[in-house]
file protein29.pdb (PDB, C-alpha atoms, pLDDT in the B column)
MODEL        1
ATOM      1  CA  MET A  78       0.164   4.422  19.678  1.00 79.00           C
ATOM      2  CA  SER A  79      -2.467   7.065  19.069  1.00 88.00           C
ATOM      3  CA  ALA A  80      -5.366   7.315  21.508  1.00 90.00           C
ATOM      4  CA  GLN A  81      -7.555   5.574  18.930  1.00 93.00           C
ATOM      5  CA  ASP A  82      -5.029   2.770  18.459  1.00 95.00           C
ATOM      6  CA  VAL A  83      -4.944   2.281  22.220  1.00 96.00           C
ATOM      7  CA  GLN A  84      -8.738   1.999  22.363  1.00 97.00           C
ATOM      8  CA  ASN A  85      -8.659  -0.554  19.550  1.00 97.00           C
ATOM      9  CA  TRP A  86      -5.904  -2.510  21.253  1.00 97.00           C
ATOM     10  CA  ILE A  87      -7.816  -2.563  24.557  1.00 98.00           C
ATOM     11  CA  ARG A  88     -10.968  -3.701  22.754  1.00 97.00           C
ATOM     12  CA  GLN A  89      -9.042  -6.593  21.175  1.00 97.00           C
ATOM     13  CA  GLU A  90      -7.481  -7.662  24.465  1.00 97.00           C
ATOM     14  CA  VAL A  91     -10.803  -7.553  26.277  1.00 97.00           C
ATOM     15  CA  ALA A  92     -12.596  -9.407  23.473  1.00 97.00           C
ATOM     16  CA  GLY A  93      -9.837 -11.960  22.970  1.00 97.00           C
ATOM     17  CA  ASN A  94      -9.382 -13.071  26.575  1.00 97.00           C
ATOM     18  CA  ASP A  95     -12.114 -14.428  28.851  1.00 97.00           C
ATOM     19  CA  VAL A  96     -10.766 -12.750  31.979  1.00 98.00           C
ATOM     20  CA  VAL A  97      -8.525  -9.681  31.797  1.00 98.00           C
ATOM     21  CA  LEU A  98      -7.179  -7.651  34.701  1.00 98.00           C
ATOM     22  CA  PHE A  99      -5.679  -4.238  34.028  1.00 98.00           C
ATOM     23  CA  MET A 100      -3.479  -3.679  37.040  1.00 98.00           C
ATOM     24  CA  LYS A 101      -0.472  -1.858  38.416  1.00 97.00           C
ATOM     25  CA  GLY A 102       2.302  -4.433  38.298  1.00 97.00           C
ATOM     26  CA  THR A 103       1.816  -8.102  37.502  1.00 97.00           C
ATOM     27  CA  ARG A 104      -0.031 -10.966  39.139  1.00 94.00           C
ATOM     28  CA  THR A 105       3.206 -12.161  40.725  1.00 94.00           C
ATOM     29  CA  MET A 106       4.546  -8.683  41.465  1.00 95.00           C
ATOM     30  CA  PRO A 107       1.676  -6.259  42.094  1.00 96.00           C
ATOM     31  CA  GLN A 108       2.738  -2.642  42.597  1.00 95.00           C
ATOM     32  CA  CYS A 109      -0.362  -1.428  44.383  1.00 93.00           C
ATOM     33  CA  GLY A 110      -2.468  -2.806  47.211  1.00 92.00           C
ATOM     34  CA  PHE A 111      -5.741  -2.545  45.292  1.00 93.00           C
ATOM     35  CA  SER A 112      -4.359  -4.387  42.282  1.00 96.00           C
ATOM     36  CA  MET A 113      -2.904  -6.992  44.617  1.00 97.00           C
ATOM     37  CA  GLN A 114      -6.280  -7.662  46.235  1.00 96.00           C
ATOM     38  CA  VAL A 115      -8.027  -8.377  42.950  1.00 97.00           C
ATOM     39  CA  ALA A 116      -5.161 -10.550  41.684  1.00 97.00           C
ATOM     40  CA  GLN A 117      -5.268 -12.485  44.969  1.00 96.00           C
ATOM     41  CA  ILE A 118      -9.008 -13.084  44.659  1.00 96.00           C
ATOM     42  CA  LEU A 119      -8.597 -14.403  41.106  1.00 97.00           C
ATOM     43  CA  ASN A 120      -5.656 -16.572  42.163  1.00 95.00           C
ATOM     44  CA  HIS A 121      -7.627 -17.828  45.139  1.00 94.00           C
ATOM     45  CA  LEU A 122     -10.487 -18.831  42.858  1.00 95.00           C
ATOM     46  CA  GLY A 123      -8.035 -20.489  40.486  1.00 95.00           C
ATOM     47  CA  VAL A 124      -9.253 -18.400  37.572  1.00 96.00           C
ATOM     48  CA  ASP A 125      -7.064 -18.233  34.497  1.00 95.00           C
ATOM     49  CA  PHE A 126      -6.652 -14.556  33.668  1.00 97.00           C
ATOM     50  CA  LYS A 127      -4.514 -12.256  31.595  1.00 98.00           C
ATOM     51  CA  ASP A 128      -2.801  -9.505  33.560  1.00 97.00           C
ATOM     52  CA  ILE A 129      -1.941  -6.278  31.786  1.00 98.00           C
ATOM     53  CA  ASN A 130       0.484  -4.007  33.599  1.00 98.00           C
ATOM     54  CA  VAL A 131      -0.608  -0.420  32.969  1.00 97.00           C
ATOM     55  CA  LEU A 132       2.606   0.908  34.495  1.00 97.00           C
ATOM     56  CA  GLU A 133       4.452  -0.293  31.397  1.00 96.00           C
ATOM     57  CA  ASP A 134       2.593   2.061  29.097  1.00 95.00           C
ATOM     58  CA  MET A 135       1.224   5.458  30.059  1.00 94.00           C
ATOM     59  CA  SER A 136      -1.113   5.447  27.040  1.00 96.00           C
ATOM     60  CA  VAL A 137      -2.751   2.224  28.261  1.00 96.00           C
ATOM     61  CA  ARG A 138      -2.955   3.563  31.814  1.00 95.00           C
ATOM     62  CA  ASP A 139      -4.917   6.581  30.547  1.00 94.00           C
ATOM     63  CA  GLY A 140      -6.688   4.684  27.788  1.00 96.00           C
ATOM     64  CA  ILE A 141      -8.286   2.088  30.022  1.00 97.00           C
ATOM     65  CA  LYS A 142      -9.851   4.833  32.158  1.00 94.00           C
ATOM     66  CA  ALA A 143     -11.416   6.354  29.055  1.00 94.00           C
ATOM     67  CA  TYR A 144     -12.466   2.948  27.729  1.00 96.00           C
ATOM     68  CA  SER A 145     -14.638   2.140  30.750  1.00 95.00           C
ATOM     69  CA  ASN A 146     -15.357   5.641  32.048  1.00 92.00           C
ATOM     70  CA  TRP A 147     -13.777   4.461  35.279  1.00 94.00           C
ATOM     71  CA  PRO A 148     -11.155   6.606  37.020  1.00 92.00           C
ATOM     72  CA  THR A 149      -9.074   4.009  38.808  1.00 92.00           C
ATOM     73  CA  ILE A 150      -7.045   0.853  38.354  1.00 95.00           C
ATOM     74  CA  PRO A 151      -7.393  -2.150  38.757  1.00 96.00           C
ATOM     75  CA  GLN A 152     -10.174  -2.967  36.320  1.00 98.00           C
ATOM     76  CA  LEU A 153     -11.544  -6.460  35.788  1.00 98.00           C
ATOM     77  CA  TYR A 154     -13.163  -7.598  32.529  1.00 98.00           C
ATOM     78  CA  VAL A 155     -14.987 -10.883  32.073  1.00 98.00           C
ATOM     79  CA  LYS A 156     -16.072 -12.004  28.594  1.00 97.00           C
ATOM     80  CA  GLY A 157     -15.702  -8.481  27.293  1.00 96.00           C
ATOM     81  CA  GLU A 158     -17.703  -6.882  30.062  1.00 95.00           C
ATOM     82  CA  PHE A 159     -16.354  -4.474  32.689  1.00 97.00           C
ATOM     83  CA  VAL A 160     -17.061  -5.978  36.109  1.00 97.00           C
ATOM     84  CA  GLY A 161     -15.543  -3.357  38.383  1.00 96.00           C
ATOM     85  CA  GLY A 162     -12.567  -2.202  40.374  1.00 95.00           C
ATOM     86  CA  CYS A 163     -11.215  -3.381  43.693  1.00 95.00           C
ATOM     87  CA  ASP A 164     -14.199  -2.448  45.901  1.00 94.00           C
ATOM     88  CA  ILE A 165     -16.786  -4.066  43.632  1.00 95.00           C
ATOM     89  CA  VAL A 166     -14.763  -7.204  42.969  1.00 97.00           C
ATOM     90  CA  ARG A 167     -14.119  -7.693  46.678  1.00 95.00           C
ATOM     91  CA  GLU A 168     -17.762  -7.082  47.553  1.00 94.00           C
ATOM     92  CA  MET A 169     -18.899  -9.527  44.862  1.00 95.00           C
ATOM     93  CA  PHE A 170     -16.384 -12.136  45.986  1.00 95.00           C
ATOM     94  CA  GLN A 171     -17.475 -11.900  49.614  1.00 94.00           C
ATOM     95  CA  ALA A 172     -21.129 -12.218  48.602  1.00 94.00           C
ATOM     96  CA  GLY A 173     -20.386 -15.185  46.309  1.00 94.00           C
ATOM     97  CA  GLU A 174     -21.563 -13.135  43.325  1.00 95.00           C
ATOM     98  CA  LEU A 175     -18.221 -13.223  41.570  1.00 96.00           C
ATOM     99  CA  GLN A 176     -18.274 -17.015  41.645  1.00 95.00           C
ATOM    100  CA  GLU A 177     -21.845 -16.908  40.266  1.00 94.00           C
ATOM    101  CA  LEU A 178     -20.721 -14.582  37.491  1.00 96.00           C
ATOM    102  CA  PHE A 179     -17.922 -16.981  36.528  1.00 96.00           C
ATOM    103  CA  ASN A 180     -20.433 -19.853  36.559  1.00 94.00           C
ATOM    104  CA  ALA A 181     -22.862 -17.919  34.387  1.00 95.00           C
ATOM    105  CA  LYS A 182     -20.120 -16.998  31.923  1.00 95.00           C
ATOM    106  CA  GLY A 183     -18.661 -20.496  31.816  1.00 94.00           C
ATOM    107  CA  ILE A 184     -15.316 -19.512  33.352  1.00 94.00           C
ATOM    108  CA  SER A 185     -13.740 -22.419  35.164  1.00 91.00           C
ATOM    109  CA  HIS A 186     -12.780 -21.795  38.776  1.00 89.00           C
ATOM    110  CA  ASN A 187     -12.702 -23.628  42.062  1.00 85.00           C
ATOM    111  CA  GLN A 188     -15.692 -23.199  44.314  1.00 71.00           C
ATOM    112  CA  GLN A 189     -13.952 -21.802  47.349  1.00 61.00           C
ATOM    113  CA  THR A 190     -15.514 -19.036  49.341  1.00 56.00           C
ATOM    114  CA  LEU A 191     -14.208 -17.129  52.306  1.00 56.00           C
ATOM    115  CA  PRO A 192     -13.436 -19.258  55.334  1.00 57.00           C
ATOM    116  CA  ALA A 193     -16.363 -18.987  57.732  1.00 49.00           C
TER
ATOM    117  CA  MET B 122      -2.176  16.801  47.153  1.00 53.00           C
ATOM    118  CA  ALA B 123      -5.127  15.654  49.152  1.00 69.00           C
ATOM    119  CA  MET B 124      -8.771  16.351  49.665  1.00 79.00           C
ATOM    120  CA  ALA B 125     -10.633  16.996  52.905  1.00 86.00           C
ATOM    121  CA  ALA B 126     -13.328  14.575  53.986  1.00 89.00           C
ATOM    122  CA  ASP B 127     -15.809  17.454  54.174  1.00 91.00           C
ATOM    123  CA  ASP B 128     -15.145  18.374  50.546  1.00 91.00           C
ATOM    124  CA  ILE B 129     -15.804  14.818  49.425  1.00 92.00           C
ATOM    125  CA  ALA B 130     -19.058  14.686  51.375  1.00 94.00           C
ATOM    126  CA  ARG B 131     -20.124  18.105  50.080  1.00 94.00           C
ATOM    127  CA  LEU B 132     -19.612  17.197  46.414  1.00 95.00           C
ATOM    128  CA  ILE B 133     -21.617  14.010  46.858  1.00 96.00           C
ATOM    129  CA  LYS B 134     -24.420  15.764  48.745  1.00 96.00           C
ATOM    130  CA  GLU B 135     -24.587  18.495  46.114  1.00 95.00           C
ATOM    131  CA  ARG B 136     -25.297  15.885  43.455  1.00 96.00           C
ATOM    132  CA  PHE B 137     -27.523  13.602  45.565  1.00 96.00           C
ATOM    133  CA  PRO B 138     -29.292  15.765  48.173  1.00 96.00           C
ATOM    134  CA  ASP B 139     -31.088  12.759  49.688  1.00 96.00           C
ATOM    135  CA  ALA B 140     -27.858  10.843  50.195  1.00 96.00           C
ATOM    136  CA  GLU B 141     -26.603   9.677  53.518  1.00 96.00           C
ATOM    137  CA  VAL B 142     -22.834  10.049  53.280  1.00 96.00           C
ATOM    138  CA  ARG B 143     -20.298   8.661  55.686  1.00 95.00           C
ATOM    139  CA  ILE B 144     -16.605   9.361  55.137  1.00 94.00           C
ATOM    140  CA  GLU B 145     -13.874   7.681  57.076  1.00 91.00           C
ATOM    141  CA  ASP B 146     -10.262   8.835  56.951  1.00 88.00           C
ATOM    142  CA  LEU B 147      -8.594   5.436  56.954  1.00 85.00           C
ATOM    143  CA  ALA B 148      -4.998   6.412  57.523  1.00 80.00           C
ATOM    144  CA  GLY B 149      -5.504   9.806  59.132  1.00 79.00           C
ATOM    145  CA  ASP B 150      -3.464  11.317  56.320  1.00 77.00           C
ATOM    146  CA  GLY B 151      -6.236  13.056  54.388  1.00 76.00           C
ATOM    147  CA  ASN B 152      -5.507  10.796  51.451  1.00 77.00           C
ATOM    148  CA  HIS B 153      -7.024   7.374  52.047  1.00 84.00           C
ATOM    149  CA  TYR B 154     -10.758   7.423  52.585  1.00 90.00           C
ATOM    150  CA  ALA B 155     -13.649   5.031  52.753  1.00 92.00           C
ATOM    151  CA  ALA B 156     -17.032   6.409  51.749  1.00 94.00           C
ATOM    152  CA  THR B 157     -20.451   4.906  52.203  1.00 96.00           C
ATOM    153  CA  VAL B 158     -23.186   6.536  50.169  1.00 97.00           C
ATOM    154  CA  VAL B 159     -26.813   5.560  50.635  1.00 97.00           C
ATOM    155  CA  SER B 160     -29.302   7.083  48.233  1.00 97.00           C
ATOM    156  CA  GLU B 161     -32.545   6.339  46.475  1.00 97.00           C
ATOM    157  CA  VAL B 162     -30.930   7.299  43.128  1.00 96.00           C
ATOM    158  CA  PHE B 163     -28.979   4.030  43.092  1.00 97.00           C
ATOM    159  CA  ARG B 164     -32.098   1.888  42.969  1.00 97.00           C
ATOM    160  CA  GLY B 165     -32.163  -0.387  39.932  1.00 96.00           C
ATOM    161  CA  LYS B 166     -28.593   0.527  38.937  1.00 96.00           C
ATOM    162  CA  SER B 167     -25.677  -1.901  38.704  1.00 95.00           C
ATOM    163  CA  ARG B 168     -22.772  -1.478  41.114  1.00 95.00           C
ATOM    164  CA  VAL B 169     -20.605  -0.159  38.322  1.00 96.00           C
ATOM    165  CA  GLU B 170     -23.253   2.417  37.427  1.00 96.00           C
ATOM    166  CA  GLN B 171     -23.676   3.424  41.083  1.00 96.00           C
ATOM    167  CA  HIS B 172     -19.961   3.971  41.543  1.00 95.00           C
ATOM    168  CA  GLN B 173     -19.706   5.831  38.229  1.00 95.00           C
ATOM    169  CA  MET B 174     -22.422   8.208  39.474  1.00 96.00           C
ATOM    170  CA  VAL B 175     -20.429   8.937  42.637  1.00 95.00           C
ATOM    171  CA  TYR B 176     -17.181   9.369  40.704  1.00 93.00           C
ATOM    172  CA  ASP B 177     -18.988  11.742  38.389  1.00 93.00           C
ATOM    173  CA  ALA B 178     -20.220  13.742  41.385  1.00 95.00           C
ATOM    174  CA  LEU B 179     -16.599  14.045  42.513  1.00 92.00           C
ATOM    175  CA  LYS B 180     -15.891  15.941  39.293  1.00 87.00           C
ATOM    176  CA  GLY B 181     -12.682  14.327  38.163  1.00 82.00           C
ATOM    177  CA  ASN B 182     -11.024  14.363  41.565  1.00 85.00           C
ATOM    178  CA  MET B 183     -11.176  10.584  41.850  1.00 84.00           C
ATOM    179  CA  GLY B 184      -8.020   9.067  40.457  1.00 76.00           C
ATOM    180  CA  GLY B 185      -6.439  12.509  40.603  1.00 78.00           C
ATOM    181  CA  VAL B 186      -6.061  14.397  43.879  1.00 80.00           C
ATOM    182  CA  LEU B 187      -8.155  11.685  45.478  1.00 82.00           C
ATOM    183  CA  HIS B 188      -6.004   8.599  45.187  1.00 74.00           C
ATOM    184  CA  ALA B 189      -7.772   6.169  47.447  1.00 81.00           C
ATOM    185  CA  LEU B 190     -11.479   6.163  48.101  1.00 88.00           C
ATOM    186  CA  ALA B 191     -12.919   2.793  49.008  1.00 90.00           C
ATOM    187  CA  LEU B 192     -16.502   3.150  47.922  1.00 93.00           C
ATOM    188  CA  LYS B 193     -19.633   1.379  49.045  1.00 94.00           C
ATOM    189  CA  THR B 194     -23.021   2.338  47.662  1.00 96.00           C
ATOM    190  CA  ALA B 195     -26.462   1.195  48.739  1.00 95.00           C
ATOM    191  CA  THR B 196     -30.130   2.055  48.588  1.00 95.00           C
ATOM    192  CA  PRO B 197     -32.060   2.952  51.765  1.00 94.00           C
TER
ENDMDL
END

call {"tool": "encode", "arguments": {"input": "protein29.pdb", "output": "C-alpha cells"}}
result
Amino acid sequence: MSAQDVQNWIRQEVAGNDVVLFMKGTRTMPQCGFSMQVAQILNHLGVDFKDINVLEDMSVRDGIKAYSNWPTIPQLYVKGEFVGGCDIVREMFQAGELQELFNAKGISHNQQTLPA
Amino acid sequence: MAMAADDIARLIKERFPDAEVRIEDLAGDGNHYAATVVSEVFRGKSRVEQHQMVYDALKGNMGGVLHALALKTATP
C-alpha cells in the first residue's frame, strides 16, 4: 500500500468501528506492556473494540503515527476521534472520565471502576 | 540507544521556560522514564494536545531513541 492508501485505510477503519485500538500484538496476545494495559482496561470495562496489530504491517505502524501526529503505540480511537495513548487512557480510566466518554458516545460498557 | 534524563528535561525547558519538569528513571537503565511537566501553556488544552506539545518539544526523539516516557502534564 502507498502511504496515501494506508491513510485512507486507517480513516475507514476508524470511521467504520466505534472503538478501535491500534496496538502491538492482539487483545489476547499483546506484545508490549503499554498495549496490554489499554487492552486490559477495555476488557475490564467490557467494551467491544476492534484491535489492529501494527506489528503485522510496517506501513500501518508508521502510518498511524502520521495519522494522529502521535509518536507512540497504542492509540485508542472512539467514534472516529483519537482519545490518546496508554498514559492518557489510564489516567482517564482512573478518573472515571473514560467511562463518561463511553457514556457520552453511546458505547455500551459495564460501569466498573477501580476497586477502592 | 538511550537518552539522558537531563537531555529530556533540557529539551522541555527550552520549549516551555516556565515549566516545572520532573524526570524519573523508572528502570535505572536510561531508557524507561516517567516525566511530569507542569506549565501554564497547557491551560485550556486537551490532554492529547498537551502531550503532543511535549512530544514536539522532544524533537522527534519520542518513539525513536526514547522508547518509553510515561507522561503526565498539568497546569500550576

call {"tool": "closest_atom_pairs", "arguments": {"input": "protein29.pdb", "of": "chain B", "to": "chain A", "cutoff": "8 Å", "atoms": "all atoms listed in the file", "output": "tab-separated table"}}
result
residue	atom	partner	partner_atom	distance
B:Arg168	CA	A:Ile165	CA	7.0
B:Val169	CA	A:Gly161	CA	6.0
B:Gln173	CA	A:Trp147	CA	6.8
B:Tyr176	CA	A:Pro148	CA	7.6
B:Gly181	CA	A:Pro148	CA	8.0
B:Met183	CA	A:Pro148	CA	6.3
B:Gly184	CA	A:Pro148	CA	5.3
B:Ala191	CA	A:Asp164	CA	6.2
B:Leu192	CA	A:Asp164	CA	6.4
B:Lys193	CA	A:Asp164	CA	7.4

call {"tool": "residues_around", "arguments": {"input": "protein29.pdb", "residues": "Gln188 of chain A", "least_positions_apart": "6", "cutoff": "12 Å", "atoms": "all atoms listed in the file", "output": "short mmCIF file (atom, residue, chain, number, x, y, z; two decimals) with C-alpha atoms, keeping the file's coordinate frame"}}
result
data_model
loop_
_atom_site.label_atom_id
_atom_site.label_comp_id
_atom_site.auth_asym_id
_atom_site.auth_seq_id
_atom_site.Cartn_x
_atom_site.Cartn_y
_atom_site.Cartn_z
CA LEU A 119 -8.60 -14.40 41.11
CA HIS A 121 -7.63 -17.83 45.14
CA LEU A 122 -10.49 -18.83 42.86
CA GLY A 123 -8.04 -20.49 40.49
CA VAL A 124 -9.25 -18.40 37.57
CA PHE A 170 -16.38 -12.14 45.99
CA GLY A 173 -20.39 -15.18 46.31
CA GLU A 174 -21.56 -13.14 43.32
CA LEU A 175 -18.22 -13.22 41.57
CA GLN A 176 -18.27 -17.02 41.64
CA GLU A 177 -21.84 -16.91 40.27
CA PHE A 179 -17.92 -16.98 36.53
CA ASN A 180 -20.43 -19.85 36.56
#

call {"tool": "residues_around", "arguments": {"input": "protein29.pdb", "residues": "Asp128 of chain B", "least_positions_apart": "3", "cutoff": "12 Å", "atoms": "only C-alpha atoms", "output": "count of residues only"}}
result
18

call {"tool": "residues_around", "arguments": {"input": "protein29.pdb", "residues": "segment 128-133 of chain A", "least_positions_apart": "2", "cutoff": "12 Å", "atoms": "all atoms listed in the file", "output": "ChimeraX atom specification"}}
result
/A:83,86-87,90-91,94-109,112-113,115-116,119-120,124-126,135-142,149-154

call {"tool": "closest_residue", "arguments": {"input": "protein29.pdb", "among": "B:Thr157, B:Asn152, B:Ser167, B:Thr194", "to": "Ala126 of chain B", "atoms": "only C-alpha atoms"}}
result
B:Asn152

call {"tool": "atom_distance", "arguments": {"input": "protein29.pdb", "atom1": "atom CA of His188 of chain B", "atom2": "atom CA of Ala155 of chain B"}}
result
11.3 Å

call {"tool": "atom_distance", "arguments": {"input": "protein29.pdb", "atom1": "atom CA of His153 of chain B", "atom2": "atom CA of Glu141 of chain B"}}
result
19.8 Å

call {"tool": "decode", "arguments": {"input": "protein29.pdb", "residues": "segment 123-142 of chain B", "atoms": "N, CA and C atoms", "output": "mmCIF file, in the first residue's frame"}}
result
data_model
loop_
_atom_site.group_PDB
_atom_site.id
_atom_site.type_symbol
_atom_site.label_atom_id
_atom_site.label_comp_id
_atom_site.auth_asym_id
_atom_site.auth_seq_id
_atom_site.Cartn_x
_atom_site.Cartn_y
_atom_site.Cartn_z
ATOM 1 N N ALA B 123 19.807 5.399 23.883
ATOM 2 C CA ALA B 123 19.039 5.892 25.014
ATOM 3 C C ALA B 123 19.231 7.399 25.091
ATOM 4 N N MET B 124 18.576 7.982 26.040
ATOM 5 C CA MET B 124 18.625 9.426 26.185
ATOM 6 C C MET B 124 18.748 9.731 27.676
ATOM 7 N N ALA B 125 19.592 10.680 28.021
ATOM 8 C CA ALA B 125 19.782 11.002 29.433
ATOM 9 C C ALA B 125 18.614 11.834 29.956
ATOM 10 N N ALA B 126 18.313 11.625 31.221
ATOM 11 C CA ALA B 126 17.200 12.363 31.836
ATOM 12 C C ALA B 126 17.398 13.865 31.701
ATOM 13 N N ASP B 127 18.646 14.313 31.848
ATOM 14 C CA ASP B 127 18.938 15.747 31.754
ATOM 15 C C ASP B 127 18.618 16.300 30.365
ATOM 16 N N ASP B 128 18.868 15.478 29.333
ATOM 17 C CA ASP B 128 18.591 15.929 27.973
ATOM 18 C C ASP B 128 17.088 16.083 27.745
ATOM 19 N N ILE B 129 16.331 15.157 28.318
ATOM 20 C CA ILE B 129 14.874 15.239 28.186
ATOM 21 C C ILE B 129 14.378 16.512 28.861
ATOM 22 N N ALA B 130 14.847 16.742 30.080
ATOM 23 C CA ALA B 130 14.413 17.921 30.833
ATOM 24 C C ALA B 130 14.821 19.204 30.105
ATOM 25 N N ARG B 131 16.031 19.209 29.538
ATOM 26 C CA ARG B 131 16.531 20.405 28.871
ATOM 27 C C ARG B 131 15.679 20.755 27.655
ATOM 28 N N LEU B 132 15.351 19.745 26.840
ATOM 29 C CA LEU B 132 14.537 20.000 25.647
ATOM 30 C C LEU B 132 13.168 20.564 26.037
ATOM 31 N N ILE B 133 12.608 20.028 27.097
ATOM 32 C CA ILE B 133 11.282 20.501 27.523
ATOM 33 C C ILE B 133 11.371 21.925 28.069
ATOM 34 N N LYS B 134 12.410 22.194 28.844
ATOM 35 C CA LYS B 134 12.579 23.532 29.427
ATOM 36 C C LYS B 134 12.890 24.586 28.358
ATOM 37 N N GLU B 135 13.602 24.148 27.320
ATOM 38 C CA GLU B 135 13.897 25.078 26.221
ATOM 39 C C GLU B 135 12.611 25.568 25.577
ATOM 40 N N ARG B 136 11.655 24.649 25.418
ATOM 41 C CA ARG B 136 10.404 24.989 24.746
ATOM 42 C C ARG B 136 9.449 25.719 25.688
ATOM 43 N N PHE B 137 9.404 25.279 26.946
ATOM 44 C CA PHE B 137 8.482 25.860 27.934
ATOM 45 C C PHE B 137 9.286 26.336 29.149
ATOM 46 N N PRO B 138 9.840 27.548 29.063
ATOM 47 C CA PRO B 138 10.747 28.031 30.118
ATOM 48 C C PRO B 138 10.098 28.065 31.505
ATOM 49 N N ASP B 139 8.777 28.210 31.558
ATOM 50 C CA ASP B 139 8.120 28.290 32.872
ATOM 51 C C ASP B 139 7.886 26.910 33.475
ATOM 52 N N ALA B 140 8.152 25.860 32.692
ATOM 53 C CA ALA B 140 7.724 24.529 33.113
ATOM 54 C C ALA B 140 8.502 23.998 34.312
ATOM 55 N N GLU B 141 7.764 23.319 35.142
ATOM 56 C CA GLU B 141 8.381 22.538 36.209
ATOM 57 C C GLU B 141 8.445 21.110 35.675
ATOM 58 N N VAL B 142 9.665 20.592 35.571
ATOM 59 C CA VAL B 142 9.864 19.286 34.935
ATOM 60 C C VAL B 142 10.477 18.313 35.935
#
